[in-house]
Structures are given as structure tokens and as C-alpha cells.
$ cat start14.cif   # mmCIF, C-alpha atoms
data_final
loop_
_atom_site.label_atom_id
_atom_site.label_comp_id
_atom_site.auth_asym_id
_atom_site.auth_seq_id
_atom_site.Cartn_x
_atom_site.Cartn_y
_atom_site.Cartn_z
CA MET A 249 124.82 55.54 193.10
CA LYS A 250 126.13 58.16 190.65
CA LYS A 251 124.77 60.96 192.84
CA SER A 252 126.51 59.49 195.90
CA LEU A 253 129.84 59.29 194.08
CA PHE A 254 129.45 62.88 192.87
CA LEU A 255 128.75 64.13 196.42
CA LEU A 256 131.72 62.14 197.71
CA PHE A 257 133.91 63.80 195.08
CA LEU A 258 132.69 67.27 196.07
CA PHE A 259 133.49 66.79 199.75
CA CYS A 260 136.79 64.99 199.20
CA ALA A 261 138.07 67.24 196.39
CA PRO A 262 139.88 69.62 198.80
CA LEU A 263 141.89 66.67 200.12
CA PHE A 264 143.34 66.03 196.68
CA GLY A 265 143.83 69.66 195.66
CA LYS A 266 141.60 71.91 193.64
CA THR A 267 141.36 71.92 189.85
CA LYS A 268 143.06 74.99 188.41
CA ILE A 269 140.89 77.01 186.06
CA THR A 270 141.64 80.18 184.10
CA PHE A 271 138.97 82.58 182.84
CA ILE A 272 140.11 84.63 179.83
CA VAL A 273 137.82 87.60 179.32
CA ASN A 274 137.47 89.78 176.24
CA PRO A 275 136.40 93.10 177.81
CA PHE A 276 135.17 94.43 174.46
CA SER A 277 133.07 91.45 173.37
CA GLY A 278 129.50 91.58 172.17
CA VAL A 279 126.73 93.08 174.25
CA GLY A 280 128.38 93.79 177.61
CA LYS A 281 127.52 90.64 179.60
CA GLN A 282 131.21 90.13 180.43
CA LYS A 283 131.31 93.26 182.62
CA ARG A 284 129.79 91.38 185.59
CA ILE A 285 131.84 88.22 185.15
CA GLU A 286 133.80 88.44 188.40
CA ARG A 287 130.62 88.58 190.48
CA LEU A 288 129.04 85.75 188.47
CA ILE A 289 132.07 83.51 188.94
CA LYS A 290 132.05 84.00 192.71
CA LYS A 291 128.34 83.21 192.84
CA ASN A 292 128.13 80.25 190.43
CA LEU A 293 131.50 78.45 190.30
CA ASN A 294 132.01 75.62 192.78
CA ARG A 295 134.95 77.03 194.70
CA LYS A 296 135.29 73.85 196.78
CA VAL A 297 136.46 72.14 193.60
CA PHE A 298 138.10 74.93 191.58
CA GLU A 299 140.95 77.35 192.17
CA TYR A 300 140.50 80.11 189.61
CA GLU A 301 142.15 83.16 188.11
CA ILE A 302 140.73 85.82 185.78
CA LEU A 303 142.78 87.32 182.95
CA TYR A 304 141.75 90.07 180.53
CA THR A 305 142.79 90.44 176.90
CA ALA A 306 144.32 93.71 175.75
CA TYR A 307 145.08 93.24 172.05
CA PRO A 308 144.44 90.85 169.10
CA LYS A 309 145.75 87.30 169.64
CA HIS A 310 146.38 88.06 173.31
CA ALA A 311 143.90 85.32 174.29
CA THR A 312 146.04 82.72 172.51
CA GLU A 313 149.10 83.80 174.48
CA LEU A 314 147.15 83.78 177.74
CA SER A 315 145.66 80.30 177.21
CA ALA A 316 149.01 78.76 176.26
CA GLY A 317 150.64 80.39 179.28
CA ALA A 318 147.89 79.21 181.61
CA ILE A 319 148.36 75.61 180.48
CA LYS A 320 152.10 75.87 181.17
CA ARG A 321 151.27 77.06 184.70
CA GLY A 322 149.09 73.99 185.26
CA SER A 323 145.56 75.15 184.45
CA GLU A 324 143.38 72.19 183.52
CA ILE A 325 140.37 74.19 182.29
CA ILE A 326 140.55 77.38 180.22
CA VAL A 327 137.34 79.40 179.98
CA ALA A 328 136.75 81.73 177.04
CA VAL A 329 134.50 84.62 178.08
CA GLY A 330 133.46 86.35 174.86
CA GLY A 331 132.09 85.69 171.40
CA ASP A 332 133.12 83.22 168.72
CA GLY A 333 136.26 85.19 167.88
CA SER A 334 137.36 85.08 171.52
CA VAL A 335 136.63 81.36 171.75
CA ASN A 336 138.72 80.83 168.62
CA GLU A 337 141.69 82.76 170.01
CA VAL A 338 141.61 80.93 173.35
CA ALA A 339 141.35 77.54 171.63
CA GLN A 340 144.34 78.24 169.37
CA GLY A 341 146.58 78.10 172.43
CA MET A 342 145.04 74.80 173.54
CA ILE A 343 144.83 72.55 170.47
CA GLY A 344 146.66 69.30 171.06
CA SER A 345 146.85 69.75 174.85
CA SER A 346 144.97 67.84 177.54
CA ALA A 347 143.37 71.00 178.97
CA ALA A 348 139.63 71.45 178.49
CA LEU A 349 137.99 74.48 176.89
CA ALA A 350 134.89 75.95 178.53
CA ILE A 351 132.76 78.76 177.14
CA VAL A 352 130.88 81.60 178.78
CA PRO A 353 129.27 83.25 175.73
CA THR A 354 128.99 87.05 175.75
CA GLY A 355 129.29 87.74 172.02
CA SER A 356 126.96 88.86 169.26
CA GLY A 357 126.20 85.47 167.70
CA ASN A 358 127.72 82.80 169.97
CA GLY A 359 127.44 80.18 167.24
CA PHE A 360 129.90 77.78 168.80
CA ALA A 361 128.22 77.84 172.20
CA ARG A 362 124.82 77.38 170.57
CA HIS A 363 126.14 74.34 168.67
CA PHE A 364 126.60 72.59 172.03
CA ASP A 365 123.51 74.05 173.73
CA ILE A 366 125.75 75.93 176.16
CA PRO A 367 123.48 78.52 177.80
CA THR A 368 123.85 82.10 176.60
CA ASP A 369 123.11 83.21 180.15
CA PRO A 370 126.63 83.59 181.65
CA ALA A 371 125.55 82.38 185.10
CA LYS A 372 124.13 79.15 183.69
CA ALA A 373 127.18 78.70 181.43
CA ILE A 374 129.45 78.89 184.49
CA GLN A 375 127.31 76.24 186.19
CA VAL A 376 127.99 73.93 183.23
CA ILE A 377 131.68 74.04 184.18
CA ASN A 378 130.89 72.57 187.61
CA GLN A 379 129.70 69.34 185.95
CA GLN A 380 133.08 68.78 184.20
CA LYS A 381 131.44 66.80 181.40
CA ASP A 382 133.85 66.77 178.47
CA LEU A 383 133.92 65.83 174.80
CA TRP A 384 136.78 65.61 172.29
CA ILE A 385 136.06 67.55 169.10
CA ASP A 386 137.66 68.31 165.75
CA THR A 387 139.34 71.62 164.96
CA VAL A 388 140.38 73.07 161.61
CA ARG A 389 143.79 74.33 160.49
CA ILE A 390 143.72 77.18 157.97
CA ASN A 391 147.26 78.14 156.90
CA GLU A 392 148.94 79.19 160.17
CA GLU A 393 145.63 79.82 161.97
CA ALA A 394 143.03 77.46 163.42
CA TYR A 395 139.31 77.63 164.06
CA LEU A 396 136.52 75.69 165.70
CA GLY A 397 133.23 76.63 164.07
CA VAL A 398 132.87 78.22 160.66
CA ALA A 399 135.15 79.93 158.14
CA GLY A 400 134.09 81.44 154.85
CA ILE A 401 134.80 83.50 151.75
CA GLY A 402 132.50 85.78 149.84
CA PHE A 403 129.58 87.71 151.27
CA ASP A 404 129.94 86.54 154.89
CA ALA A 405 133.63 87.47 154.88
CA ASP A 406 132.84 90.96 153.59
CA VAL A 407 130.17 91.37 156.27
CA SER A 408 132.67 90.28 158.94
CA ALA A 409 135.17 92.86 157.72
CA THR A 410 132.53 95.62 157.86
CA PHE A 411 131.27 94.49 161.27
CA ALA A 412 134.81 94.52 162.69
CA ASN A 413 134.97 98.28 162.08
CA PHE A 414 131.84 99.03 164.12
CA ASN A 415 132.35 100.53 167.57
CA ILE A 416 129.11 99.02 168.89
CA ARG A 417 128.75 95.22 168.73
CA GLY A 418 125.67 93.04 168.95
CA PRO A 419 123.02 91.48 166.65
CA ALA A 420 121.64 94.86 165.57
CA SER A 421 125.08 96.03 164.44
CA TYR A 422 125.63 92.76 162.57
CA LEU A 423 122.30 93.18 160.76
CA LEU A 424 123.36 96.70 159.81
CA ALA A 425 126.60 95.30 158.36
CA VAL A 426 124.60 92.78 156.30
CA LEU A 427 122.26 95.46 154.95
CA SER A 428 125.14 97.77 154.07
CA GLU A 429 127.01 95.08 152.10
CA LEU A 430 124.08 93.37 150.35
CA PRO A 431 123.10 96.04 147.74
CA GLN A 432 126.62 96.34 146.34
CA TYR A 433 127.81 92.75 146.64
CA LYS A 434 128.48 90.67 143.50
CA PRO A 435 129.13 86.90 143.44
CA GLN A 436 132.74 85.92 142.77
CA ASP A 437 134.57 83.14 140.92
CA TYR A 438 136.60 80.71 143.00
CA ASP A 439 139.02 77.89 142.23
CA LEU A 440 139.09 75.13 144.84
CA VAL A 441 140.70 71.73 145.26
CA ILE A 442 138.54 69.53 147.51
CA ASP A 443 140.28 66.32 148.64
CA GLY A 444 142.46 66.49 145.54
CA LYS A 445 139.66 67.19 143.03
CA PRO A 446 139.64 70.64 141.34
CA PHE A 447 136.48 72.77 141.09
CA HIS A 448 135.67 76.15 139.58
CA LYS A 449 132.65 77.76 141.25
CA ARG A 450 130.84 81.08 141.00
CA ALA A 451 129.33 81.70 144.40
CA PHE A 452 127.62 84.17 146.68
CA LEU A 453 129.67 82.65 149.49
CA ILE A 454 131.51 79.45 150.34
CA CYS A 455 131.49 78.17 153.90
CA PHE A 456 133.94 75.71 155.48
CA ALA A 457 132.02 74.40 158.47
CA ASN A 458 133.10 72.34 161.42
CA ALA A 459 130.02 73.40 163.41
CA LYS A 460 126.44 73.88 162.25
CA GLN A 461 125.81 77.62 162.52
CA TYR A 462 127.18 81.14 162.29
CA GLY A 463 125.37 82.15 165.47
CA ASN A 464 121.90 83.44 166.38
CA ASN A 465 120.55 80.14 164.99
CA ALA A 466 121.61 80.85 161.40
CA PHE A 467 122.33 77.25 160.33
CA ILE A 468 124.72 77.51 157.39
CA ALA A 469 125.65 73.80 157.67
CA PRO A 470 122.81 72.02 159.50
CA ASN A 471 124.26 68.57 158.85
CA ALA A 472 127.77 69.32 160.10
CA LYS A 473 129.11 67.21 162.97
CA ILE A 474 131.96 68.54 165.04
CA ASP A 475 133.42 65.16 165.98
CA ASP A 476 133.17 63.16 162.74
CA GLY A 477 136.63 63.92 161.29
CA PHE A 478 135.16 65.79 158.30
CA LEU A 479 134.74 69.37 157.12
CA ASP A 480 131.44 70.41 155.50
CA VAL A 481 131.86 72.73 152.50
CA ILE A 482 128.70 74.69 151.66
CA ILE A 483 128.62 76.54 148.34
CA TRP A 484 125.87 79.17 148.22
CA LYS A 485 125.43 79.76 144.50
CA GLU A 486 124.46 82.92 142.67
CA PHE A 487 120.70 83.42 143.01
CA PRO A 488 117.99 85.77 141.66
CA PRO A 489 116.63 88.48 144.00
CA HIS A 490 113.22 86.80 144.28
CA ALA A 491 114.86 83.73 145.85
CA ALA A 492 116.38 85.69 148.75
CA PRO A 493 113.45 85.48 151.23
CA LYS A 494 113.19 81.70 150.86
CA LEU A 495 116.96 81.29 151.27
CA VAL A 496 116.94 83.35 154.46
CA HIS A 497 114.02 81.25 155.73
CA ASP A 498 115.94 78.06 154.91
CA LEU A 499 119.03 79.41 156.71
CA PHE A 500 117.11 79.81 159.97
CA THR A 501 115.07 76.60 159.70
CA LYS A 502 117.95 74.18 158.97
CA HIS A 503 116.93 73.60 155.34
CA LEU A 504 119.58 75.57 153.46
CA GLU A 505 121.25 72.45 152.07
CA ASP A 506 117.90 71.43 150.51
CA SER A 507 117.90 74.52 148.27
CA LYS A 508 118.78 74.27 144.57
CA TYR A 509 120.98 77.31 145.16
CA THR A 510 123.35 75.45 147.47
CA GLU A 511 125.79 72.60 146.99
CA SER A 512 127.61 70.71 149.73
CA PHE A 513 130.67 68.49 150.07
CA ARG A 514 132.11 66.55 152.99
CA CYS A 515 135.89 66.39 152.94
CA GLN A 516 139.11 66.52 154.95
CA GLU A 517 141.15 69.08 153.01
CA VAL A 518 140.47 72.12 150.82
CA ILE A 519 142.85 74.37 148.90
CA LEU A 520 141.67 77.79 147.69
CA LYS A 521 143.77 78.55 144.63
CA LYS A 522 142.41 81.90 143.49
CA PRO A 523 143.97 84.90 145.28
CA LEU A 524 141.52 86.36 147.78
CA LYS A 525 141.25 89.62 149.66
CA THR A 526 139.41 88.54 152.79
CA LEU A 527 138.05 85.46 154.47
CA HIS A 528 136.70 85.04 157.97
CA ILE A 529 137.38 82.49 160.67
CA ASP A 530 134.70 82.23 163.34
CA GLY A 531 133.42 85.65 162.34
CA GLU A 532 136.78 87.45 162.50
CA PRO A 533 138.15 88.86 159.20
CA LEU A 534 141.51 87.62 157.96
CA SER A 535 143.42 89.15 155.04
CA VAL A 536 145.15 86.67 152.73
CA GLU A 537 147.39 87.01 149.69
CA ASP A 538 148.48 83.46 148.85
CA ASP A 539 146.76 80.09 148.47
CA VAL A 540 144.70 79.01 151.47
CA TYR A 541 145.10 75.49 152.86
CA ILE A 542 142.31 74.15 155.07
CA ARG A 543 142.38 70.73 156.76
CA ILE A 544 140.51 69.00 159.55
CA LEU A 545 142.31 68.02 162.77
CA PRO A 546 140.27 65.15 164.24
CA SER A 547 139.73 64.89 168.02
CA SER A 548 142.23 67.67 168.75
CA LEU A 549 140.45 69.69 171.46
CA LYS A 550 138.60 68.80 174.66
CA ILE A 551 135.56 70.94 175.51
CA LEU A 552 133.17 71.06 178.46
CA VAL A 553 129.52 70.62 177.49
CA PRO A 554 126.14 70.46 179.30
#

$ encode --input "start14.cif" --output "C-alpha cells"
Amino acid sequence: MKKSLFLLFLFCAPLFGKTKITFIVNPFSGVGKQKRIERLIKKNLNRKVFEYEILYTAYPKHATELSAGAIKRGSEIIVAVGGDGSVNEVAQGMIGSSAALAIVPTGSGNGFARHFDIPTDPAKAIQVINQQKDLWIDTVRINEEAYLGVAGIGFDADVSATFANFNIRGPASYLLAVLSELPQYKPQDYDLVIDGKPFHKRAFLICFANAKQYGNNAFIAPNAKIDDGFLDVIIWKEFPPHAAPKLVHDLFTKHLEDSKYTESFRCQEVILKKPLKTLHIDGEPLSVEDDVYIRILPSSLKILVP
């Protein structure tokens, strides 16, 4: 019965008008998969159902402008073609609207796509769009910015800042950024207010997770749920060098929160009181000078999933 209704929809869709869809492509993202996107769209998108356009970003935050403009022109689905940073920028122009976000991952880590089991093969990711299966998820407001997956301070933020300066992207470049920062990095002291309760923590890093992972199956918050109305705060404490291999193993096997060197909280609002130099939002570095206010925005974005 369901199959019959779906086929009826496919054949009758042209009578009711096609769904408008906008692809927003970061031409500099990740490992180069985006370069063949036009051919892949023609081959894999159901053009009986969708009327599409392809736009390319040219400068930082351009994707936010393009997504907001596309919605004003009547696009019902906005597709982010890029990595987590690109997905974040596209989504910032969509939060609170009825338009649906779709993802064609072409980045280095693709943590947000992996959270939803969206294929990292661009052709298969485009085919997910044809199903039009959607889900309302939480997003996170951080001062005047917003994000979908993971933000953080400490070591991961420093790595993101180093990685942003590399001309060549990809997992190998990210690993190089990690190895260049690790020998010189020292844990820092942080003052936080979590749901109104003050904390002073010395930490290797502190993660504010809406999704489970950074990308490449590095599960910084394996218990995070993206539609529960809560933010997961993971504090990675100072640790001795001999503990590093086990911590890395735990990170990639979803057991990091079981370690004695981590502490976790589930909350709706966090204030970072101590002045900071850099944090990252979905892997993109952000310079800050004042207090940082982070709060969850429940059910504020619609996304297409497999």
C-alpha cells in the first residue's frame, strides 16, 4: 500500500508543481568530492519531483546568506554540500523556518552526517533526498552564532585554528594539526555556569555537544541525543601521558564517558565566564573576547535523514 502511494506521488507530482531545492556548494571543502556535484545531481536526483538550483559560496558566512535568500525565494529544501563547517553555515540561515536541511558530505570529518548515518558517498547522499524523510532536531545558540553538532574549548579549538590555516584539507591534514599542537599544549583553567550552578574546572578540553561525534567516528559525546532538548557537556580532564592511548581508544569506541579522566553534564544553558582566545563551532575556529553564552534551541531545524 505504501509503495503504491509513493509511486502515485511520483507520477502525479508534476501536476502539483515540483518541490524547489537549492544546493549550496563549498568549492573548497574537504577532499574534493564536491567538484563533480553537478553531474551527480543530474544522475541521482529525482527531477520529476524536484526543481533545483546550484549556488557556490565565495567567502565566509556566504552560505548563511545564500540559504536565507533561497528560503525567501520559495526553496523548500536546502542542501549543504561540504563539511561540518559548511553544514553549520547553511543551517544558520534556516533555523526557525519550515525548510528542510539536507546534507551531501564532502568534508574532512563529516561528523554531523555520520551522526544520522547519511552516506559519505555523495551519490548515495543525494538519493537520500529523494525519500524526503524528515526529522525535527535541536540546534544550539552560542552568542550570536549557532551550531548543530559540537562546539568546544581547549585542545580541540586550538587544533581547529591550526587546521584552518592549512591549504590542503582532509583527515591527513587534520591528524597533522593534532600532532603539531599536542606536544606544546597545556590544560587550562575554566570558569563555567551550567544551568545556573558555577564550576571551576582545569581541563584538556571541554566539549558542548548536540551530536555524538567530531567526525571520522571520534565519539566525544556517545550518549548525546540531537532531539532531546538537552546539551551534553563533556569535560576531558588533565591526564598523565601514559593514559593517552587508552583515552584515544575510548574516543573511537564510544567509551570516553566511562573514563575517570572525563566528566559529563546534561543541561540546557552554559555560560563561560573566563575570557578565552578561541573556541570552535562544528570544527570552525571562532575568536571570542567576552563571556560566552550557550543554550539549546529545541526542535528548531528540520533535516532530511535516511

$ resolve_selection --input "start14.cif" --expression "the PyMOL selection byres ((chain A and resi 478) around 9)" --output "list in words"
Asp386, Asn458, Ala472, Lys473, Ile474, Asp475, Asp476, Gly477, Leu479, Asp480, Arg514, Cys515, Gln516, Glu517, Arg543, Ile544, Leu545 and Pro546 of chain A

$ closest_atom_pairs --input "start14.cif" --of "region 351-393 of chain A" --to "region 291-298 of chain A" --cutoff "7 Å" --atoms "only C-alpha atoms" --output "JSON lines"
{"residue": "A:Ala371", "atom": "CA", "partner": "A:Asn292", "partner_atom": "CA", "distance": 6.3}
{"residue": "A:Ile374", "atom": "CA", "partner": "A:Leu293", "partner_atom": "CA", "distance": 6.2}
{"residue": "A:Gln375", "atom": "CA", "partner": "A:Asn292", "partner_atom": "CA", "distance": 5.9}
{"residue": "A:Asn378", "atom": "CA", "partner": "A:Asn294", "partner_atom": "CA", "distance": 6.1}

$ write_last_selection --input "start14.cif" --atoms "C-alpha atoms" --output "JSON list (two decimals), keeping the file's coordinate frame"
[["chain", "number", "residue", "atom", "x", "y", "z"],
["A", 371, "ALA", "CA", 125.55, 82.38, 185.10],
["A", 374, "ILE", "CA", 129.45, 78.89, 184.49],
["A", 375, "GLN", "CA", 127.31, 76.24, 186.19],
["A", 378, "ASN", "CA", 130.89, 72.57, 187.61]]

$ residues_around --input "start14.cif" --residues "Val536 (chain A)" --least-positions-apart "4" --cutoff "12 Å" --atoms "only C-alpha atoms" --output "CSV table (one decimal) with C-alpha atoms, in the frame of the given file"
chain,number,residue,atom,x,y,z
A,390,ILE,CA,143.7,77.2,158.0
A,391,ASN,CA,147.3,78.1,156.9
A,392,GLU,CA,148.9,79.2,160.2
A,393,GLU,CA,145.6,79.8,162.0
A,401,ILE,CA,134.8,83.5,151.8
A,405,ALA,CA,133.6,87.5,154.9
A,520,LEU,CA,141.7,77.8,147.7
A,521,LYS,CA,143.8,78.6,144.6
A,522,LYS,CA,142.4,81.9,143.5
A,523,PRO,CA,144.0,84.9,145.3
A,524,LEU,CA,141.5,86.4,147.8
A,525,LYS,CA,141.2,89.6,149.7
A,526,THR,CA,139.4,88.5,152.8
A,527,LEU,CA,138.0,85.5,154.5
A,528,HIS,CA,136.7,85.0,158.0
A,529,ILE,CA,137.4,82.5,160.7
A,540,VAL,CA,144.7,79.0,151.5
A,541,TYR,CA,145.1,75.5,152.9

$ resolve_selection --input "start14.cif" --expression "the PyMOL selection byres ((chain A and resi 363) around 7)" --output "number ranges by chain"
A: 359-362, 364-365, 459-461

$ closest_residue --input "start14.cif" --among "A:Ile442, A:Ala339, A:Ile351, A:Leu552" --to "Val327 (chain A)" --atoms "all atoms listed in the file"
A:Ile351

$ atom_distance --input "start14.cif" --atom1 "CA of Tyr395 (chain A)" --atom2 "CA of Asp530 (chain A)"
6.6 Å

$ axis_aligned_box --input "start14.cif" --around "region 389-393 of chain A" --padding-each-side "6 Å" --output "JSON"
{"center_x": 146.3, "center_y": 77.1, "center_z": 159.4, "size_x": 17.2, "size_y": 17.5, "size_z": 17.1}

$ residues_around --input "start14.cif" --residues "Gln436 (chain A)" --least-positions-apart "5" --cutoff "12 Å" --atoms "only C-alpha atoms" --output "PyMOL selection string"
chain A and resi 401-403+406+448-454+483-486+522-525

$ resolve_selection --input "start14.cif" --expression "the PyMOL selection byres ((chain A and resi 502-507) around 9)" --output "list of chain:residue names"
A:Asn465, A:Ala466, A:Phe467, A:Ile468, A:Ala469, A:Pro470, A:Asn471, A:Ile482, A:Trp484, A:Lys494, A:Leu495, A:Val496, A:His497, A:Asp498, A:Leu499, A:Phe500, A:Thr501, A:Lys508, A:Tyr509, A:Thr510, A:Glu511, A:Ser512

$ atom_distance --input "start14.cif" --atom1 "CA of Leu427 (chain A)" --atom2 "CA of Thr410 (chain A)"
10.7 Å

$ atom_distance --input "start14.cif" --atom1 "CA of Val388 (chain A)" --atom2 "CA of Ser408 (chain A)"
19.0 Å

$ closest_residue --input "start14.cif" --among "A:Leu288, A:Ile551, A:Ile325, A:Ala399" --to "Ile269 (chain A)" --atoms "all atoms listed in the file"
A:Ile325

$ closest_residue --input "start14.cif" --among "A:Lys266, A:Ser356, A:Pro367, A:Thr387" --to "Gly344 (chain A)" --atoms "only C-alpha atoms"
A:Thr387

$ closest_residue --input "start14.cif" --among "A:Thr368, A:Thr312, A:Gln379, A:Asn358" --to "Ile343 (chain A)" --atoms "all atoms listed in the file"
A:Thr312
